[in-house]
Structures are given as C-alpha cells and as structure tokens.
$ cat structure28.txt   # compact mmCIF, C-alpha atoms
# COMPACT_ATOMS: atom_id res chain seq x y z
CA MET A 1 22.12 31.98 -1.78
CA ARG A 2 18.81 32.97 -0.18
CA ILE A 3 18.17 36.22 1.68
CA GLN A 4 15.13 37.77 3.29
CA LYS A 5 13.54 40.77 1.56
CA LYS A 6 13.05 42.40 4.97
CA ASP A 7 16.84 42.41 5.60
CA THR A 8 18.16 45.96 5.38
CA SER A 9 20.81 44.98 2.83
CA SER A 10 18.54 42.89 0.59
CA ALA A 11 17.93 45.58 -2.07
CA ALA A 12 21.64 46.42 -2.33
CA THR A 13 22.58 42.72 -2.47
CA ALA A 14 20.05 42.01 -5.22
CA ALA A 15 21.11 45.08 -7.22
CA SER A 16 24.78 44.12 -6.95
CA ALA A 17 24.12 40.63 -8.30
CA LEU A 18 22.02 42.07 -11.14
CA ARG A 19 24.71 44.65 -12.06
CA ASN A 20 27.12 41.71 -12.37
CA ASN A 21 24.82 40.09 -14.97
CA LYS A 22 23.64 37.41 -12.53
CA ILE A 23 20.14 35.96 -12.52
CA VAL A 24 18.18 36.68 -9.33
CA ILE A 25 14.79 35.45 -8.12
CA ILE A 26 12.93 38.43 -6.70
CA PRO A 27 9.45 39.03 -5.31
CA THR A 28 7.58 41.50 -7.49
CA ASP A 29 4.27 43.24 -6.91
CA THR A 30 2.56 40.33 -8.65
CA ILE A 31 4.57 37.08 -8.36
CA TYR A 32 8.16 35.86 -8.00
CA GLY A 33 10.25 36.56 -11.05
CA PHE A 34 13.52 35.52 -12.63
CA SER A 35 15.34 38.79 -13.16
CA GLY A 36 18.48 39.99 -14.92
CA LEU A 37 19.70 43.12 -16.66
CA PHE A 38 17.68 44.18 -19.69
CA GLY A 39 19.38 43.42 -22.98
CA LYS A 40 22.06 41.26 -21.35
CA THR A 41 20.54 38.22 -19.62
CA ALA A 42 17.56 37.05 -21.68
CA ASP A 43 19.35 33.95 -22.99
CA ALA A 44 20.40 32.87 -19.48
CA ILE A 45 16.87 33.32 -18.13
CA ALA A 46 15.37 31.45 -21.10
CA GLN A 47 17.76 28.56 -20.48
CA ILE A 48 16.76 28.29 -16.80
CA LYS A 49 13.05 28.35 -17.72
CA GLY A 50 13.45 26.04 -20.71
CA ARG A 51 11.75 28.71 -22.81
CA GLU A 52 12.12 29.57 -26.46
CA GLU A 53 14.72 32.32 -26.77
CA ASN A 54 12.63 34.34 -29.22
CA LYS A 55 9.80 34.88 -26.73
CA PRO A 56 10.46 38.25 -25.01
CA PHE A 57 10.36 39.02 -21.29
CA ILE A 58 8.80 42.02 -19.55
CA ALA A 59 11.28 44.68 -18.45
CA LEU A 60 10.81 46.50 -15.15
CA ILE A 61 11.70 50.17 -14.73
CA ALA A 62 12.25 52.23 -11.58
CA LYS A 63 10.06 55.21 -12.43
CA PRO A 64 7.51 56.00 -15.16
CA SER A 65 9.74 58.48 -17.01
CA ASP A 66 12.39 55.74 -17.47
CA ILE A 67 10.33 54.34 -20.33
CA TYR A 68 11.64 57.20 -22.48
CA ARG A 69 15.16 55.80 -22.16
CA TYR A 70 13.95 52.96 -24.39
CA THR A 71 11.25 54.41 -26.65
CA ASP A 72 10.58 57.56 -28.62
CA ALA A 73 6.86 56.75 -28.80
CA ALA A 74 4.41 59.09 -27.12
CA VAL A 75 2.85 56.98 -24.37
CA PRO A 76 -0.56 58.37 -23.35
CA ASP A 77 -0.26 60.38 -20.13
CA TYR A 78 -3.33 58.75 -18.61
CA LEU A 79 -1.55 55.38 -18.81
CA LEU A 80 1.76 56.66 -17.44
CA GLN A 81 -0.13 58.26 -14.54
CA LEU A 82 -1.35 54.80 -13.48
CA TRP A 83 2.24 53.75 -12.71
CA PRO A 84 3.65 52.47 -10.45
CA ALA A 85 1.21 49.57 -10.69
CA PRO A 86 0.80 46.06 -12.10
CA LEU A 87 0.34 47.55 -15.57
CA THR A 88 2.48 46.46 -18.52
CA LEU A 89 2.80 48.66 -21.58
CA ILE A 90 4.13 47.36 -24.89
CA VAL A 91 5.98 50.08 -26.80
CA PRO A 92 8.19 50.27 -29.87
CA LEU A 93 11.84 50.39 -28.88
CA LYS A 94 14.20 52.91 -30.41
CA GLY A 95 14.73 50.88 -33.56
CA SER A 96 12.37 48.24 -34.93
CA GLU A 97 11.58 45.89 -32.03
CA THR A 98 8.85 46.16 -29.40
CA GLN A 99 9.18 45.65 -25.65
CA ALA A 100 6.84 45.30 -22.68
CA PHE A 101 7.65 47.52 -19.69
CA ARG A 102 6.20 47.78 -16.19
CA CYS A 103 6.90 50.16 -13.33
CA PRO A 104 6.09 47.95 -10.33
CA ALA A 105 4.10 49.11 -7.31
CA ASP A 106 6.59 47.67 -4.81
CA PRO A 107 8.97 50.43 -3.54
CA TRP A 108 11.63 47.85 -2.57
CA LEU A 109 11.67 46.51 -6.13
CA ARG A 110 11.85 50.02 -7.61
CA ASP A 111 14.85 50.67 -5.32
CA VAL A 112 16.55 47.52 -6.65
CA ILE A 113 15.93 48.58 -10.26
CA ALA A 114 17.15 52.14 -9.61
CA ALA A 115 20.33 50.80 -8.00
CA THR A 116 21.13 48.77 -11.11
CA GLY A 117 20.88 51.87 -13.29
CA GLU A 118 19.01 49.92 -15.98
CA ALA A 119 15.74 48.15 -16.61
CA ILE A 120 15.62 44.53 -15.49
CA TYR A 121 13.85 41.57 -17.02
CA SER A 122 11.13 39.85 -15.05
CA THR A 123 9.39 36.61 -15.90
CA SER A 124 7.51 34.18 -13.70
CA VAL A 125 9.49 31.60 -11.76
CA ASN A 126 8.54 28.30 -13.34
CA ARG A 127 9.54 25.91 -16.10
CA SER A 128 8.06 26.97 -19.41
CA GLY A 129 4.53 25.64 -19.80
CA THR A 130 3.92 25.09 -16.06
CA PRO A 131 2.11 27.37 -13.57
CA PRO A 132 4.12 30.07 -11.76
CA LEU A 133 5.52 29.02 -8.39
CA THR A 134 4.44 31.10 -5.39
CA ASP A 135 6.06 29.28 -2.44
CA ILE A 136 9.67 30.34 -1.86
CA ASP A 137 10.67 26.94 -0.41
CA THR A 138 9.47 25.19 -3.56
CA ILE A 139 11.13 27.85 -5.71
CA CYS A 140 14.47 27.43 -3.94
CA ALA A 141 14.29 23.64 -4.05
CA GLU A 142 13.87 23.74 -7.81
CA PHE A 143 15.91 26.78 -8.89
CA GLU A 144 18.35 27.94 -6.20
CA ALA A 145 21.28 26.13 -7.84
CA SER A 146 20.51 27.87 -11.17
CA VAL A 147 20.56 31.47 -9.91
CA ALA A 148 22.97 33.69 -7.98
CA LEU A 149 20.41 34.80 -5.41
CA ALA A 150 16.84 34.19 -4.26
CA VAL A 151 15.11 36.95 -2.28
CA ASP A 152 12.47 35.58 0.10
CA GLY A 153 9.42 37.83 0.23
CA GLY A 154 7.09 35.20 1.64
CA GLU A 155 4.30 33.60 -0.33
CA LEU A 156 3.07 35.62 -3.29
CA ALA A 157 -0.13 34.86 -5.11
CA GLY A 158 -0.73 38.12 -6.92
CA LEU A 159 -2.74 38.59 -10.05
CA PRO A 160 -0.86 39.07 -13.32
CA SER A 161 -0.40 42.57 -14.64
CA THR A 162 -2.79 44.19 -17.09
CA ILE A 163 -1.10 44.36 -20.53
CA ILE A 164 -1.75 47.17 -23.00
CA ASP A 165 -0.20 47.53 -26.45
CA VAL A 166 0.49 51.21 -27.16
CA CYS A 167 2.34 50.67 -30.45
CA SER A 168 -0.50 52.09 -32.55
CA ALA A 169 -2.59 55.27 -32.35
CA VAL A 170 -5.28 53.50 -30.31
CA PRO A 171 -3.99 51.50 -27.31
CA LYS A 172 -5.29 47.93 -27.12
CA ILE A 173 -5.85 45.88 -23.96
CA LEU A 174 -4.25 42.46 -24.47
CA ARG A 175 -4.93 41.15 -20.96
CA GLN A 176 -7.09 42.63 -18.22
CA GLY A 177 -5.21 41.76 -15.03
CA ALA A 178 -4.64 43.19 -11.57
CA ILE A 179 -5.84 46.68 -12.41
CA SER A 180 -8.80 47.69 -14.53
CA VAL A 181 -8.01 50.16 -17.31
CA ASN A 182 -10.36 52.01 -19.63
CA ILE A 183 -8.85 52.97 -22.96
CA ARG A 184 -9.52 56.58 -23.95

$ encode --input "structure28.txt" --output "structure tokens"
Amino acid sequence: MRIQKKDTSSAATAASALRNNKIVIIPTDTIYGFSGLFGKTADAIAQIKGREENKPFIALIAKPSDIYRYTDAAVPDYLLQLWPAPLTLIVPLKGSETQAFRCPADPWLRDVIAATGEAIYSTSVNRSGTPPLTDIDTICAEFEASVALAVDGGELAGLPSTIIDVCSAVPKILRQGAISVNIR
C-alpha cells in the first residue's frame, strides 16, 4: 500500500504498521528508508535488502533524551544539542553491543517514531551494494510487494548523515555528512 506523506493520517498509519512489526518505507530527513521496530525487525529488513544480517542498522529516536533509554554512556552535551539533525551517534548499548542512533530533523518522522513508543530502524532503500533509490515510483516498483506500506514524500536526494563514534573518551568522526561537526 502507498500513501502520501502529506495526508493527515499518514503518520498514524505508518506508526500503526510499525507497532505491528511491519516493514515500512518512509521518507527521512536524508533519504528513503526501510524502517521497522528497533530490536524486532532487523532480520526482515536485511532479507528485503539482501544484506548480511550481522551488519547493524541505524535506529531513529523521537527526541534527543530518548538515547538514554538505550545507553548509560555520557553523550557529550554539545553533540546532543545538535539534534534533531542528520547526525548519527554510535554509543554503547546497555550491555556489550554498540548502536548508531539519530534524532531526525523531520517533525513528521519524529511524530511517527513517538507514536510507536520505541526507536525504529532506518536503512537506505536499495538492494545491498547498489546506490540508494530516491524516486518513489522506482522504489514502489521494486519493493512495494515486500513491505506493508510505502509513504510517498516526493523525490529525496539528501546527503547522508554525519556519523560520530562516542564510545570512547574522545568522540571520533567516522563520516562527515550533511552537517559539519567539530569535535571538542
């Protein structure tokens, strides 16, 4: 099923599908992403993409403070104050794993995430090893049968997010992307 992002019920419809552990194609503040509930849908997303299951996906959160639901690490305030933005922070999870999180700049997307009550995965819409797709018609032609819902936000050609690893005492920029960050 395909719906328009501008429809008044689109956020509620997307959140409902996500809460039911369905995979949804959503426009983010950077590009279109396959999305599903954090910790519950990674295998299904990896299967659609044809991606190795051990390669982690970014998780999106509704507000900056939500990161502390998943980590006990002290994230530098100057980085948290940049959110919401196309900035991805890698943190140690409560336990032994690490995870990349982003609080997206798009208010519609933050509303969807908040309505699910949990973080959601986001990874580019494409087959593993191929460039991300930006045209919703092409996306739907290739993937609509594999997902519960595709939300049409028009053509997206955003830059990827900036990625910073904050797992050690000194944060490290892994990829300079849509926003420029100076490490303090």

$ residues_around --input "structure28.txt" --residues "Ile45 (chain A)" --least-positions-apart "6" --cutoff "10 Å" --atoms "all atoms listed in the file" --output "list in words"
Lys22, Ile23, Val24, Phe34, Ser35, Gly36, Arg51, Glu53, Phe57, Tyr121, Ser122, Thr123, Val125, Ser146 and Val147 of chain A

$ atom_distance --input "structure28.txt" --atom1 "CA of Ala15 (chain A)" --atom2 "CA of Arg69 (chain A)"
19.3 Å

$ closest_residue --input "structure28.txt" --among "A:Thr134, A:Thr88, A:Thr116, A:Asn21" --to "Arg175 (chain A)" --atoms "all atoms listed in the file"
A:Thr88

$ residues_around --input "structure28.txt" --residues "Gly153 (chain A)" --least-positions-apart "5" --cutoff "8 Å" --atoms "only C-alpha atoms" --output "PyMOL selection string"
chain A and resi 4-6+26-27+136

$ closest_residue --input "structure28.txt" --among "A:Ala169, A:Ala119, A:Ala145, A:Ile163" --to "Arg2 (chain A)" --atoms "all atoms listed in the file"
A:Ala145

$ residues_around --input "structure28.txt" --residues "Ser161 (chain A)" --least-positions-apart "4" --cutoff "10 Å" --atoms "all atoms listed in the file" --output "list in words"
Asp29, Thr30, Ile31, Ala85, Pro86, Leu87, Thr88, Leu89, Arg102, Pro104, Arg175, Gln176, Gly177, Ala178, Ile179 and Ser180 of chain A

$ axis_aligned_box --input "structure28.txt" --around "region 15-25 of chain A" --padding-each-side "4 Å" --output "AutoDock Vina command-line options"
--center_x 21.0 --center_y 40.3 --center_z -11.0 --size_x 20.3 --size_y 17.6 --size_z 16.0

$ closest_residue --input "structure28.txt" --among "A:Ala11, A:Ala74, A:Leu79, A:Ala42" --to "Leu109 (chain A)" --atoms "only C-alpha atoms"
A:Ala11

$ atom_distance --input "structure28.txt" --atom1 "CA of Gly39 (chain A)" --atom2 "CA of Phe143 (chain A)"
22.1 Å

$ closest_residue --input "structure28.txt" --among "A:Leu156, A:Ala105, A:Leu82, A:Cys167" --to "Gly33 (chain A)" --atoms "all atoms listed in the file"
A:Leu156

$ residues_around --input "structure28.txt" --residues "Glu52 (chain A)" --least-positions-apart "4" --cutoff "10 Å" --atoms "all atoms listed in the file" --output "PyMOL selection string"
chain A and resi 43+46-47+56+128

$ atom_distance --input "structure28.txt" --atom1 "CA of Thr71 (chain A)" --atom2 "CA of Trp83 (chain A)"
16.6 Å

$ closest_residue --input "structure28.txt" --among "A:Val151, A:Ile67, A:Leu37, A:Ile3" --to "Ala100 (chain A)" --atoms "only C-alpha atoms"
A:Ile67

$ closest_residue --input "structure28.txt" --among "A:Lys40, A:Arg184, A:Arg19, A:Lys49" --to "Pro132 (chain A)" --atoms "only C-alpha atoms"
A:Lys49
